[in-house]
Each structure stands twice: as C-alpha cells, then as structure tokens.
Amino acid sequence: QVQLVESGGGLVQAGGSLRLSCAASGLTFSNYRMGWFRQAPGKERELVASINRSGDISNYVNSVKGRFTISRDNAKNTVYLQMNSLKPEDTAVYYCAAQPTIGRVDYWGQGTQVTVSS
C-alpha cells in the first residue's frame, strides 16, 4: 500500500518560512519524479515544484521561483519543500505527488494546510 504523508504546514506571517516534508512508503521512491502541488479555495490545483529521480534537476512555477526550493533524500524516501519569503497568496493546501513521468501523477498525499497571514 502506497502512502505519501505530508507534514510541516501551519500558520505563518508574511515573510516567514516553512519547510514541508513528504515521507513515502510502499513504492520504489527513486523510480519516481516527485512534485509539490497546491490548491487554494476556488482555484484549480497547480504544480508548484517538481524534481527528477536523482534530485539534480528541479522546476518551479514562476510565482515561487527564488523563494521555494524542492529537494529529496532517496535514502529516506522523503521529498521536501523549503518555502521562504512567504506571501498571503501562497495560502493553500499543499500536496505531494509521485509522478512516473512529467504530467502524470500515480499517487497523492493527503495534503497539508499552509496559511500565510498579512
């Protein structure tokens, strides 16, 4: 049984930082690209950041470039999202996802709420 368990969300003031973690089990972690998505109320879910299997290539949506960093530890089956200089518009539920290829998602986590106050 595949599980992706996110942690690290919470309430933070604008300009602050949070680090999200996603622990994976039940799959061969290093076989998957990993992505962080987010969904704000009334909006579609969007891909925020993704990282390749070996962890040396990452991609970001323009709105978070320079502020967010995705990383992974294949020995710990964990992917991270370091979020700095947070803005109120970053408020959303953040989901990690296991992607066999770009554009596909095989597994989703349950989500963690991030709320940024102004």
# chains A, B, ... in the order shown; residues from 1 in each chain; ligands from 1

$ residues_around --residues "Gln39 (chain A)" --least-positions-apart "3" --cutoff "8 Å" --atoms "only C-alpha atoms" --output "list in words"
Lys43, Glu44, Arg45, Glu46, Ala92, Val93 and Tyr94 of chain A

$ write_last_selection --atoms "all heavy atoms" --output "compact mmCIF listing (two decimals), in the first residue's frame"
# COMPACT_ATOMS: atom_id res chain seq x y z
N LYS A 43 -9.81 27.68 -6.53
CA LYS A 43 -8.84 27.64 -7.63
C LYS A 43 -8.49 26.20 -7.98
O LYS A 43 -8.69 25.28 -7.18
CB LYS A 43 -7.58 28.41 -7.25
CG LYS A 43 -7.80 29.90 -7.07
CD LYS A 43 -6.50 30.64 -6.93
CE LYS A 43 -6.71 32.14 -6.83
NZ LYS A 43 -5.41 32.88 -6.71
N GLU A 44 -7.95 26.02 -9.17
CA GLU A 44 -7.52 24.70 -9.58
C GLU A 44 -6.19 24.34 -8.91
O GLU A 44 -5.40 25.20 -8.54
CB GLU A 44 -7.35 24.66 -11.10
CG GLU A 44 -8.66 24.79 -11.86
CD GLU A 44 -8.49 24.55 -13.35
OE1 GLU A 44 -7.35 24.38 -13.80
OE2 GLU A 44 -9.51 24.52 -14.06
N ARG A 45 -5.98 23.04 -8.79
CA ARG A 45 -4.70 22.58 -8.26
C ARG A 45 -3.61 22.88 -9.26
O ARG A 45 -3.77 22.65 -10.47
CB ARG A 45 -4.76 21.08 -7.98
CG ARG A 45 -3.63 20.53 -7.17
CD ARG A 45 -3.85 19.09 -6.78
NE ARG A 45 -5.00 18.92 -5.90
CZ ARG A 45 -5.31 17.80 -5.26
NH1 ARG A 45 -4.53 16.74 -5.40
NH2 ARG A 45 -6.37 17.72 -4.51
N GLU A 46 -2.48 23.41 -8.76
CA GLU A 46 -1.37 23.75 -9.65
C GLU A 46 -0.07 23.11 -9.17
O GLU A 46 0.14 22.93 -7.96
CB GLU A 46 -1.18 25.27 -9.75
CG GLU A 46 -0.70 25.95 -8.49
CD GLU A 46 -0.27 27.39 -8.70
OE1 GLU A 46 -0.07 27.83 -9.86
OE2 GLU A 46 -0.11 28.10 -7.67
N ALA A 92 -2.71 27.88 0.81
CA ALA A 92 -3.31 26.78 0.05
C ALA A 92 -3.11 25.48 0.82
O ALA A 92 -2.36 25.44 1.80
CB ALA A 92 -2.68 26.66 -1.32
N VAL A 93 -3.76 24.44 0.36
CA VAL A 93 -3.42 23.09 0.78
C VAL A 93 -2.34 22.58 -0.17
O VAL A 93 -2.50 22.66 -1.38
CB VAL A 93 -4.63 22.15 0.76
CG1 VAL A 93 -4.22 20.74 1.17
CG2 VAL A 93 -5.74 22.68 1.68
N TYR A 94 -1.26 22.11 0.40
CA TYR A 94 -0.12 21.63 -0.38
C TYR A 94 -0.11 20.10 -0.37
O TYR A 94 -0.24 19.47 0.69
CB TYR A 94 1.18 22.17 0.20
CG TYR A 94 1.42 23.62 -0.16
CD1 TYR A 94 0.64 24.62 0.41
CD2 TYR A 94 2.39 23.98 -1.08
CE1 TYR A 94 0.83 25.95 0.06
CE2 TYR A 94 2.60 25.31 -1.43
CZ TYR A 94 1.81 26.29 -0.86
OH TYR A 94 2.00 27.61 -1.20

$ atom_distance --atom1 "CA of Tyr80 (chain A)" --atom2 "CA of Arg19 (chain A)"
6.9 Å

$ closest_residue --among "A:Gly55, A:Gly111, A:Pro41, A:Gly9" --to "Asn77 (chain A)" --atoms "only C-alpha atoms"
A:Gly55

$ residues_around --residues "region 63-73 of chain A" --least-positions-apart "4" --cutoff "6 Å" --atoms "only C-alpha atoms" --output "list of chain:residue names"
A:Thr78, A:Val79, A:Tyr80, A:Leu81, A:Gln82, A:Met83, A:Asn84

$ write_last_selection --atoms "C-alpha atoms" --output "JSON list (two decimals), in the first residue's frame"
[["chain", "number", "residue", "atom", "x", "y", "z"],
["A", 78, "THR", "CA", 11.40, 11.85, 1.55],
["A", 79, "VAL", "CA", 10.86, 14.97, -0.53],
["A", 80, "TYR", "CA", 10.99, 18.47, 0.92],
["A", 81, "LEU", "CA", 9.73, 21.92, 0.01],
["A", 82, "GLN", "CA", 11.53, 24.81, 1.67],
["A", 83, "MET", "CA", 9.35, 27.90, 1.41],
["A", 84, "ASN", "CA", 10.87, 31.30, 2.19]]

$ residues_around --residues "Arg104 (chain A)" --least-positions-apart "5" --cutoff "12 Å" --atoms "only C-alpha atoms" --output "ChimeraX atom specification"
/A:32-35,47,50,97-99

$ write_last_selection --atoms "all heavy atoms" --output "compact mmCIF listing (two decimals), in the first residue's frame"
# COMPACT_ATOMS: atom_id res chain seq x y z
N TYR A 32 10.51 7.41 -9.06
CA TYR A 32 9.51 8.43 -9.32
C TYR A 32 10.08 9.84 -9.28
O TYR A 32 10.88 10.17 -8.39
CB TYR A 32 8.38 8.36 -8.28
CG TYR A 32 7.47 7.17 -8.46
CD1 TYR A 32 7.79 5.95 -7.91
CD2 TYR A 32 6.30 7.29 -9.20
CE1 TYR A 32 6.96 4.85 -8.08
CE2 TYR A 32 5.46 6.20 -9.37
CZ TYR A 32 5.80 4.99 -8.82
OH TYR A 32 4.97 3.91 -8.99
N ARG A 33 9.66 10.65 -10.24
CA ARG A 33 9.76 12.08 -10.05
C ARG A 33 8.81 12.43 -8.90
O ARG A 33 7.83 11.73 -8.67
CB ARG A 33 9.28 12.83 -11.30
CG ARG A 33 10.09 12.61 -12.55
CD ARG A 33 9.45 13.38 -13.71
NE ARG A 33 9.31 14.80 -13.39
CZ ARG A 33 10.26 15.69 -13.54
NH1 ARG A 33 11.45 15.31 -14.02
NH2 ARG A 33 10.06 16.96 -13.25
N MET A 34 9.11 13.53 -8.21
CA MET A 34 8.22 13.97 -7.13
C MET A 34 7.82 15.41 -7.37
O MET A 34 8.62 16.24 -7.85
CB MET A 34 8.89 13.84 -5.77
CG MET A 34 9.21 12.40 -5.38
SD MET A 34 7.75 11.33 -5.25
CE MET A 34 6.88 12.09 -3.86
N GLY A 35 6.58 15.71 -7.03
CA GLY A 35 6.09 17.06 -7.22
C GLY A 35 5.35 17.57 -5.99
O GLY A 35 4.82 16.78 -5.19
N LEU A 47 0.77 22.79 -10.14
CA LEU A 47 2.09 22.25 -9.82
C LEU A 47 3.00 23.41 -9.42
O LEU A 47 3.19 24.34 -10.18
CB LEU A 47 2.66 21.51 -11.02
CG LEU A 47 4.06 20.94 -10.88
CD1 LEU A 47 4.14 19.91 -9.76
CD2 LEU A 47 4.54 20.34 -12.21
N SER A 50 8.77 20.57 -9.00
CA SER A 50 8.98 19.15 -9.23
C SER A 50 10.48 18.87 -9.28
O SER A 50 11.28 19.78 -9.54
CB SER A 50 8.31 18.68 -10.52
OG SER A 50 8.85 19.33 -11.65
N ALA A 97 3.16 14.55 -4.60
CA ALA A 97 2.69 13.59 -5.58
C ALA A 97 3.86 12.82 -6.16
O ALA A 97 4.94 13.37 -6.36
CB ALA A 97 1.95 14.32 -6.70
N ALA A 98 3.62 11.55 -6.43
CA ALA A 98 4.61 10.69 -7.07
C ALA A 98 4.27 10.60 -8.55
O ALA A 98 3.15 10.21 -8.91
CB ALA A 98 4.62 9.30 -6.43
N GLN A 99 5.24 10.97 -9.38
CA GLN A 99 4.99 11.08 -10.81
C GLN A 99 5.89 10.11 -11.58
O GLN A 99 7.11 10.24 -11.56
CB GLN A 99 5.28 12.50 -11.28
CG GLN A 99 4.44 13.57 -10.59
CD GLN A 99 4.73 14.95 -11.15
OE1 GLN A 99 5.62 15.65 -10.69
NE2 GLN A 99 3.96 15.32 -12.15

$ residues_around --residues "region 4-7 of chain A" --least-positions-apart "4" --cutoff "7 Å" --atoms "only C-alpha atoms" --output "VMD selection string"
chain A and resid 20 to 25 96 108 to 112

$ residues_around --residues "Ser118 (chain A)" --least-positions-apart "2" --cutoff "8 Å" --atoms "only C-alpha atoms" --output "PyMOL selection string"
chain A and resi 13-14+87-88+116

$ write_last_selection --atoms "N, CA and C atoms" --output "PDB file, in the first residue's frame"
ATOM      1  N   GLN A  13       3.408  34.225   9.389  1.00  0.00           N
ATOM      2  CA  GLN A  13       3.234  35.597   8.919  1.00  0.00           C
ATOM      3  C   GLN A  13       3.927  35.787   7.572  1.00  0.00           C
ATOM      4  N   ALA A  14       3.449  36.748   6.816  1.00  0.00           N
ATOM      5  CA  ALA A  14       4.081  37.079   5.546  1.00  0.00           C
ATOM      6  C   ALA A  14       5.563  37.382   5.773  1.00  0.00           C
ATOM      7  N   LYS A  87       4.137  34.624   1.073  1.00  0.00           N
ATOM      8  CA  LYS A  87       3.177  35.685   0.802  1.00  0.00           C
ATOM      9  C   LYS A  87       1.763  35.169   1.079  1.00  0.00           C
ATOM     10  N   PRO A  88       0.826  36.053   1.355  1.00  0.00           N
ATOM     11  CA  PRO A  88      -0.557  35.600   1.574  1.00  0.00           C
ATOM     12  C   PRO A  88      -1.103  34.777   0.409  1.00  0.00           C
ATOM     13  N   VAL A 116      -0.768  31.852   5.213  1.00  0.00           N
ATOM     14  CA  VAL A 116       0.145  32.972   5.380  1.00  0.00           C
ATOM     15  C   VAL A 116      -0.691  34.211   5.677  1.00  0.00           C
TER      16      VAL A 116
END

$ atom_distance --atom1 "CA of Ser54 (chain A)" --atom2 "CA of Asn31 (chain A)"
9.0 Å

$ closest_residue --among "A:Ser117, A:Trp36, A:Asn59, A:Ser85" --to "Val105 (chain A)" --atoms "only C-alpha atoms"
A:Trp36

$ closest_residue --among "A:Ile51, A:Gly10, A:Ser17, A:Phe37" --to "Pro100 (chain A)" --atoms "only C-alpha atoms"
A:Ile51

$ atom_distance --atom1 "CA of Thr91 (chain A)" --atom2 "CA of Gly103 (chain A)"
23.5 Å

$ closest_residue --among "A:Val2, A:Leu86, A:Leu11, A:Val114" --to "Phe29 (chain A)" --atoms "only C-alpha atoms"
A:Val2

$ select_by_dssp --residues "chain A" --states "strand (DSSP E or B)" --output "JSON, numbers by chain"
{"A": [3, 4, 5, 6, 7, 10, 11, 12, 13, 18, 19, 20, 21, 22, 23, 24, 25, 33, 34, 35, 36, 37, 38, 39, 46, 47, 48, 49, 50, 51, 58, 59, 60, 68, 69, 70, 71, 72, 73, 78, 79, 80, 81, 82, 83, 92, 93, 94, 95, 96, 97, 98, 99, 107, 108, 112, 113, 114, 115, 116, 117]}
